[in-house]
Amino acid sequence: MSKYPYEKHVVKKLLMYGNKEPVAAVIQMFKSHIRQMLRHATASTIVEYAYNDKAVLAQKLMITDELYGPTYAICKSLERNTIEKVVKENPEKLENIMDETKQVIVPLTQKEQVIKHSVVHKVFLDIFLLAPDKQRSLQTVVEPYNKVLGSERSTGEPTTFQVEWVWLKVIKQKWVEPRFTGPYQVTERTSHAVRLKGKGDTWFHWSQCAAPEPGRPLEEMGGNTVSSQGAE
């Protein structure tokens, strides 16, 4: 369902509004399908949302586990449940694990949308920190980003997000409170931050903002939000 533009909203709503049991059941259903989902533009956004906003540590490990290759899967155990622990206990397997991880993760970076996901960033960071050949690892990490940022460097202009309205993430959210307030109208923007109407002179980093989903009117997206009028 996560691969289809309409059905994905059902999955996301279950993640957004479900209690621990439904959320855990949904994330468990991702198991053995993470690679296929990350290759798909629509499904990858669901994986990213689950990883960043809903998954607990064990569920985050389950999501990233599939990206480290078969050698890691064989060496992993209940006690050695992270790549750092597996490599520490099996140093002779390090090179195989790194090579297999690169074979999995590098093709995913050919999609511009996927390379921006924090799931991918986490695996790239592990490659850089753990691989024995640091120069080769750095090249592996940098090359896909060079392709994505190539047009930006060629023009000399930083990339800015061309949206007129955004939701603003609540930083210290209580359980009964919405995750976002808004929408707010964008008044100024840079490649890294944005100013919003009604929020004074404060600059907000783009990572605190969520753009309305294409093709959906703003009033249909308020399920996990509170209006800017009610927030002020």
# chains A, B, ... in the order shown; residues from 1 in each chain; ligands from 1

$ residues_around --residues "A:Thr64" --least-positions-apart "5" --cutoff "12 Å" --atoms "only C-alpha atoms" --output "number ranges by chain"
A: 30-35, 38, 47-48, 51, 55, 57-59, 69, 72-73, 81-83, 101, 104-105, 118-124, 126

$ residues_around --residues "A:Val170" --least-positions-apart "6" --cutoff "9 Å" --atoms "only C-alpha atoms" --output "list in words"
Glu177, Pro178, Arg179, Phe180, Thr181 and Gln208 of chain A

$ write_last_selection --atoms "all heavy atoms" --output "PDB file, in the first residue's frame"
ATOM      1  N   GLU A 177      -0.733  16.928  22.224  1.00  0.00           N
ATOM      2  CA  GLU A 177      -0.609  18.087  21.346  1.00  0.00           C
ATOM      3  C   GLU A 177      -0.275  17.657  19.924  1.00  0.00           C
ATOM      4  O   GLU A 177       0.306  16.592  19.701  1.00  0.00           O
ATOM      5  CB  GLU A 177       0.479  19.028  21.862  1.00  0.00           C
ATOM      6  CG  GLU A 177       0.132  19.694  23.171  1.00  0.00           C
ATOM      7  CD  GLU A 177       1.235  20.620  23.659  1.00  0.00           C
ATOM      8  OE1 GLU A 177       2.372  20.496  23.160  1.00  0.00           O
ATOM      9  OE2 GLU A 177       0.953  21.437  24.536  1.00  0.00           O
ATOM     10  N   PRO A 178      -0.635  18.484  18.939  1.00  0.00           N
ATOM     11  CA  PRO A 178      -0.318  18.168  17.538  1.00  0.00           C
ATOM     12  C   PRO A 178       1.166  18.277  17.269  1.00  0.00           C
ATOM     13  O   PRO A 178       1.902  18.952  18.001  1.00  0.00           O
ATOM     14  CB  PRO A 178      -1.106  19.226  16.758  1.00  0.00           C
ATOM     15  CG  PRO A 178      -1.220  20.375  17.700  1.00  0.00           C
ATOM     16  CD  PRO A 178      -1.381  19.768  19.076  1.00  0.00           C
ATOM     17  N   ARG A 179       1.619  17.609  16.221  1.00  0.00           N
ATOM     18  CA  ARG A 179       3.038  17.645  15.862  1.00  0.00           C
ATOM     19  C   ARG A 179       3.415  18.925  15.123  1.00  0.00           C
ATOM     20  O   ARG A 179       4.569  19.322  15.116  1.00  0.00           O
ATOM     21  CB  ARG A 179       3.400  16.436  14.979  1.00  0.00           C
ATOM     22  CG  ARG A 179       3.280  15.107  15.686  1.00  0.00           C
ATOM     23  CD  ARG A 179       3.955  14.009  14.893  1.00  0.00           C
ATOM     24  NE  ARG A 179       5.381  14.258  14.746  1.00  0.00           N
ATOM     25  CZ  ARG A 179       6.289  13.997  15.674  1.00  0.00           C
ATOM     26  NH1 ARG A 179       5.910  13.487  16.821  1.00  0.00           N
ATOM     27  NH2 ARG A 179       7.558  14.250  15.473  1.00  0.00           N
ATOM     28  N   PHE A 180       2.429  19.538  14.457  1.00  0.00           N
ATOM     29  CA  PHE A 180       2.713  20.720  13.661  1.00  0.00           C
ATOM     30  C   PHE A 180       1.692  21.814  13.955  1.00  0.00           C
ATOM     31  O   PHE A 180       0.552  21.536  14.339  1.00  0.00           O
ATOM     32  CB  PHE A 180       2.663  20.393  12.163  1.00  0.00           C
ATOM     33  CG  PHE A 180       3.758  19.474  11.696  1.00  0.00           C
ATOM     34  CD1 PHE A 180       3.583  18.099  11.718  1.00  0.00           C
ATOM     35  CD2 PHE A 180       4.960  19.978  11.252  1.00  0.00           C
ATOM     36  CE1 PHE A 180       4.589  17.249  11.291  1.00  0.00           C
ATOM     37  CE2 PHE A 180       5.974  19.133  10.827  1.00  0.00           C
ATOM     38  CZ  PHE A 180       5.790  17.770  10.846  1.00  0.00           C
ATOM     39  N   THR A 181       2.110  23.076  13.765  1.00  0.00           N
ATOM     40  CA  THR A 181       1.190  24.206  13.754  1.00  0.00           C
ATOM     41  C   THR A 181       1.250  24.848  12.379  1.00  0.00           C
ATOM     42  O   THR A 181       2.229  24.702  11.648  1.00  0.00           O
ATOM     43  CB  THR A 181       1.557  25.248  14.828  1.00  0.00           C
ATOM     44  OG1 THR A 181       2.881  25.731  14.575  1.00  0.00           O
ATOM     45  CG2 THR A 181       1.500  24.642  16.216  1.00  0.00           C
ATOM     46  N   GLN A 208      12.661  21.977  10.248  1.00  0.00           N
ATOM     47  CA  GLN A 208      11.529  22.178  11.153  1.00  0.00           C
ATOM     48  C   GLN A 208      10.215  22.353  10.403  1.00  0.00           C
ATOM     49  O   GLN A 208       9.157  22.433  11.030  1.00  0.00           O
ATOM     50  CB  GLN A 208      11.761  23.417  12.027  1.00  0.00           C
ATOM     51  CG  GLN A 208      12.884  23.287  13.034  1.00  0.00           C
ATOM     52  CD  GLN A 208      13.039  24.563  13.826  1.00  0.00           C
ATOM     53  OE1 GLN A 208      14.041  25.268  13.714  1.00  0.00           O
ATOM     54  NE2 GLN A 208      12.053  24.899  14.624  1.00  0.00           N
TER      55      GLN A 208
END

$ atom_distance --atom1 "atom CA of A:Thr187" --atom2 "atom CA of A:Gln162"
11.6 Å

$ atom_distance --atom1 "atom CA of A:Ile171" --atom2 "atom CA of A:Asn52"
13.6 Å
